[in-house]
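Peer 1: Handing you a structure now.
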Amino acid sequence: MSVACIPELPEVDDPCGMWTEPGLFHVVVEVEGQRKRRPLVYVPATSGPRDIVVGLHGGGSSGRSFVATTLLSPLADREGLVVIAPDGLGFFRNSWNAGGGCCGEAGGREHDDVAFLDAAVKEVSRKTCGNNVLAAGFSAGSMMAHRWGCQGSTVDAVLASSGPMMVDPETCRDRPLPVRHYHGLDDRRVPYEGGYGDQAQNDFRSVDETMEAWRQRNGCSAEPPLRLVDGAATCLTWDCDADTTLCSIEGYGHAWPGGRNQGASVDVTTEGWAWFEEQFAPSLQQ
């Protein structure tokens with residue numbers, strides 16, 4: 001089914017009220033100097049305010065595929081959240097302008113994916129009584145989530161998997177931002193240690209460089225991180241002004257951990273959402 005067959009997200013009298021016709025919609029997003037784009041939006045049968053998850057797919061994939069792989073729609077129904085599933089650009093391979101020449105055709109274009117994602121969130125939030133916003137990305141989408149969290153204005157937290165920050169950290173905004181990054185230690189497409197992966201298209205930054213950039217932005221202390229081991233996953237959490245966590249997964253390659261994928265000892269969809277909720281729990285804001 002094409003986006004043209006999916007109804008546009010409607011204007012309702014009370015965006016914060018119960019959504020009487022839940023389901024899949026699209027929204028028209030326009031950024032000056034760029035072409036119109038129509039990301040998919042899933043709204044469950046809930047009342048607002050509603051948190052928003054923006055799912056950013058890997059290179060060559062789609063927003064619809066990312067939502068299916070991560071099982072975001074069942075999560076949305078359980079938790080009463082809105083899911084935005086945009087597609088990247090590129091004639092042969094949908095991807096994102098994540099910085100550092102990444103990724104694919106999208107990395108060499110002039111279009112501004114940060115402005116596009118900010119505009120998409122503002123439009124969907126206005127129509128659905130949006131609240132806190134989580135950028136969740138895999139591979140090239142993970143790189144875009146890091147860039148959006150670094151430079152954007154509508155992101156409240158970043159949940160990233162298998163893709164480092166590719167932009168210069170000096171371009172990041174000053175405000176601390178919660179970030180949680182997962183990476184398989186056997187990832188050969190986007191290696192943990194950086195450099196050229198199996199496809200040899202980009203010279204990737206390392207996971208350590210990515211987390212150092214976030215530690216600088218989030219005002220982390222020099223104290224050693226808290227270390228938590230859960231099966232094959234080892235998570236390090238630093239003492240910072242905003243939660244800054246890295247989870248490395250032994251024996252895991254280039255795939256979203258959990259959801260429909262097997263082989264990881266963690267389910268990033270459910271674990272990441274629980275982490276996101278903790279960041280904005282009332283007890284933490286007092």
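By convention here, the chains of the structure tokens are called A, B, ... in the order presented, each chain's residues are numbered starting at 1, and ligands are numbered starting at 1 in the order presented.
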What residues in region 224-279 of chain A get the DSSP label strand (DSSP E or B)? Please answer as a list in words.
Peer 2: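 Here is the list: Leu226, Arg227, Leu228, Val229, Asp230, Ala233, Thr234, Cys235, Leu236, Thr237, Trp238, Thr244, Thr245, Leu246, Cys247, Ser248 and Ile249 of chain A.
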Peer 1: Once you have the residues from the selection above, write them out as a PDB file, in the first residue's frame, restricted to C-alpha atoms.
Peer 2:
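For reference, selection-v2.pdb as written:
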ATOM      1  CA  LEU A 226      28.619   2.205  36.669  1.00  0.00           C
ATOM      2  CA  ARG A 227      28.955  -1.233  35.041  1.00  0.00           C
ATOM      3  CA  LEU A 228      25.984  -3.586  34.717  1.00  0.00           C
ATOM      4  CA  VAL A 229      26.241  -7.010  33.067  1.00  0.00           C
ATOM      5  CA  ASP A 230      23.079  -8.744  31.861  1.00  0.00           C
ATOM      6  CA  ALA A 233      25.139  -7.174  27.305  1.00  0.00           C
ATOM      7  CA  THR A 234      27.442  -4.943  29.339  1.00  0.00           C
ATOM      8  CA  CYS A 235      26.105  -1.446  30.012  1.00  0.00           C
ATOM      9  CA  LEU A 236      28.228   1.470  31.197  1.00  0.00           C
ATOM     10  CA  THR A 237      26.465   4.507  32.679  1.00  0.00           C
ATOM     11  CA  TRP A 238      28.457   7.641  33.435  1.00  0.00           C
ATOM     12  CA  THR A 244      24.585   8.668  29.223  1.00  0.00           C
ATOM     13  CA  THR A 245      24.746   4.903  28.684  1.00  0.00           C
ATOM     14  CA  LEU A 246      26.573   2.520  26.346  1.00  0.00           C
ATOM     15  CA  CYS A 247      25.536  -1.130  26.050  1.00  0.00           C
ATOM     16  CA  SER A 248      27.929  -3.492  24.241  1.00  0.00           C
ATOM     17  CA  ILE A 249      26.628  -6.916  23.200  1.00  0.00           C
TER      18      ILE A 249
END
Peer 1: Name the residues in contact with region 65-82 of chain A at a cut-off of 8 Å, using only C-alpha atoms, excluding same-chain residues fewer than 3 positions from it; report them as a ChimeraX atom specification.
Peer 2: /A:41-47,50-53,55-58,61-62,85,128,130,256,258-261,269-270
Peer 1: For those residues, write N, CA and C atoms to a file as an mmCIF file, in the first residue's frame.
Peer 2:
data_model
loop_
_atom_site.group_PDB
_atom_site.id
_atom_site.type_symbol
_atom_site.label_atom_id
_atom_site.label_comp_id
_atom_site.auth_asym_id
_atom_site.auth_seq_id
_atom_site.Cartn_x
_atom_site.Cartn_y
_atom_site.Cartn_z
ATOM 1 N N VAL A 41 2.437 7.876 10.262
ATOM 2 C CA VAL A 41 2.173 8.171 11.674
ATOM 3 C C VAL A 41 1.171 7.157 12.198
ATOM 4 N N TYR A 42 1.490 6.508 13.309
ATOM 5 C CA TYR A 42 0.562 5.573 13.945
ATOM 6 C C TYR A 42 0.064 6.174 15.253
ATOM 7 N N VAL A 43 -1.258 6.275 15.376
ATOM 8 C CA VAL A 43 -1.876 6.835 16.582
ATOM 9 C C VAL A 43 -2.773 5.770 17.204
ATOM 10 N N PRO A 44 -2.534 5.370 18.460
ATOM 11 C CA PRO A 44 -3.374 4.368 19.109
ATOM 12 C C PRO A 44 -4.626 4.993 19.718
ATOM 13 N N ALA A 45 -5.500 4.141 20.220
ATOM 14 C CA ALA A 45 -6.753 4.598 20.840
ATOM 15 C C ALA A 45 -6.481 5.014 22.274
ATOM 16 N N THR A 46 -5.950 6.209 22.427
ATOM 17 C CA THR A 46 -5.587 6.731 23.751
ATOM 18 C C THR A 46 -5.929 8.213 23.811
ATOM 19 N N SER A 47 -5.836 8.750 25.011
ATOM 20 C CA SER A 47 -5.943 10.198 25.182
ATOM 21 C C SER A 47 -4.557 10.761 25.472
ATOM 22 N N ARG A 50 0.568 12.639 24.594
ATOM 23 C CA ARG A 50 1.170 11.395 24.124
ATOM 24 C C ARG A 50 2.656 11.597 23.833
ATOM 25 N N ASP A 51 3.475 10.701 24.378
ATOM 26 C CA ASP A 51 4.878 10.693 23.985
ATOM 27 C C ASP A 51 4.990 10.224 22.531
ATOM 28 N N ILE A 52 6.081 10.619 21.883
ATOM 29 C CA ILE A 52 6.288 10.320 20.459
ATOM 30 C C ILE A 52 7.611 9.593 20.275
ATOM 31 N N VAL A 53 7.581 8.510 19.503
ATOM 32 C CA VAL A 53 8.800 7.830 19.080
ATOM 33 C C VAL A 53 8.960 8.033 17.579
ATOM 34 N N GLY A 55 10.948 6.614 14.543
ATOM 35 C CA GLY A 55 11.763 5.468 14.170
ATOM 36 C C GLY A 55 12.535 5.732 12.892
ATOM 37 N N LEU A 56 13.861 5.676 12.970
ATOM 38 C CA LEU A 56 14.734 5.998 11.838
ATOM 39 C C LEU A 56 15.406 4.720 11.335
ATOM 40 N N HIS A 57 15.009 4.301 10.139
ATOM 41 C CA HIS A 57 15.441 3.033 9.572
ATOM 42 C C HIS A 57 16.890 3.054 9.117
ATOM 43 N N GLY A 58 17.436 1.875 8.879
ATOM 44 C CA GLY A 58 18.772 1.751 8.325
ATOM 45 C C GLY A 58 18.793 1.994 6.827
ATOM 46 N N SER A 61 16.352 0.675 3.717
ATOM 47 C CA SER A 61 15.119 0.153 4.304
ATOM 48 C C SER A 61 14.036 1.222 4.226
ATOM 49 N N SER A 62 13.074 1.171 5.136
ATOM 50 C CA SER A 62 11.970 2.126 5.132
ATOM 51 C C SER A 62 11.435 2.281 6.545
ATOM 52 N N ALA A 85 7.117 7.312 11.429
ATOM 53 C CA ALA A 85 8.014 6.435 10.673
ATOM 54 C C ALA A 85 8.348 7.076 9.330
ATOM 55 N N THR A 128 -1.658 15.724 17.643
ATOM 56 C CA THR A 128 -1.902 14.568 18.507
ATOM 57 C C THR A 128 -1.622 14.842 19.979
ATOM 58 N N GLY A 130 1.260 16.025 21.409
ATOM 59 C CA GLY A 130 2.531 15.378 21.681
ATOM 60 C C GLY A 130 3.188 15.861 22.950
ATOM 61 N N TRP A 256 19.104 -4.784 14.750
ATOM 62 C CA TRP A 256 18.426 -4.220 15.922
ATOM 63 C C TRP A 256 18.281 -5.330 16.971
ATOM 64 N N GLY A 258 16.612 -7.418 19.500
ATOM 65 C CA GLY A 258 15.251 -7.625 19.986
ATOM 66 C C GLY A 258 14.220 -7.378 18.914
ATOM 67 N N GLY A 259 12.987 -7.095 19.336
ATOM 68 C CA GLY A 259 11.898 -6.995 18.384
ATOM 69 C C GLY A 259 11.716 -8.351 17.708
ATOM 70 N N ARG A 260 11.656 -8.357 16.382
ATOM 71 C CA ARG A 260 11.542 -9.618 15.646
ATOM 72 C C ARG A 260 12.870 -10.331 15.448
ATOM 73 N N ASN A 261 13.970 -9.659 15.773
ATOM 74 C CA ASN A 261 15.286 -10.270 15.603
ATOM 75 C C ASN A 261 15.625 -11.144 16.805
ATOM 76 N N THR A 269 13.717 -2.567 22.122
ATOM 77 C CA THR A 269 12.430 -1.883 22.005
ATOM 78 C C THR A 269 11.804 -1.688 23.371
ATOM 79 N N THR A 270 11.682 -2.758 24.147
ATOM 80 C CA THR A 270 11.042 -2.651 25.463
ATOM 81 C C THR A 270 11.987 -2.055 26.505
#
Peer 1: Tell me, in Å to one decimal, how far CA of Ser206 (chain A) is from CA of Glu193 (chain A).
Peer 2: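 Separating CA of Ser206 (chain A) from CA of Glu193 (chain A) is a distance of 4.7 Å.
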Peer 1: Excluding region 26-29 of chain A and any residue of its chain fewer than 4 positions from it, enumerate the residues within 10 Å of it, using only C-alpha atoms, and give them as a PyMOL selection string.
Peer 2: chain A and resi 3-10+34-42+84-86+116-124+127
Peer 1: Can you work out the spacing between CA of Met18 (chain A) and CA of Gly48 (chain A) in Å, to one decimal?
Peer 2: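 Here the two named atoms are 7.2 Å from each other.
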Peer 1: Going by DSSP on the backbone, which residues of region 14-246 of chain A come out as helix (DSSP H, G or I)? List them as an NGL selection string.
Peer 2: :A and (63-70 or 72-79 or 104-108 or 113-128 or 140-151 or 169-171 or 207-217)
Peer 1: Which neighbours of Arg217 (chain A) fall inside 12 Å, counting only C-alpha atoms, when residues of the same chain fewer than 6 positions from it are skipped, and could you give them as a ChimeraX atom specification?
Peer 2: /A:149-151,169-179,210-211,240-244
Peer 1: Go ahead and compute the interatomic distance for CA of Gly251 (chain A) and CA of Pro224 (chain A), in Å to one decimal.
Peer 2: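 Calculated distance between CA of Gly251 (chain A) and CA of Pro224 (chain A) is 24.8 Å.
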Peer 1: With a distance cut-off of 12 Å and only C-alpha atoms, select the neighbouring residues of Val190 (chain A), excluding the residue or stretch itself and same-chain residues fewer than 4 positions from it, and output the selection as a ChimeraX atom specification.
Peer 2: /A:58-59,102-103,138-140,142-143,161-166,183-186,194-207,253-255
Peer 1: Write out as a PyMOL selection string which residues come within 12 Å of Glu110 (chain A) when counting only C-alpha atoms, dropping same-chain ones fewer than 4 positions away.
Peer 2: chain A and resi 33-35+89-90+96-99+101+105-106+114-115
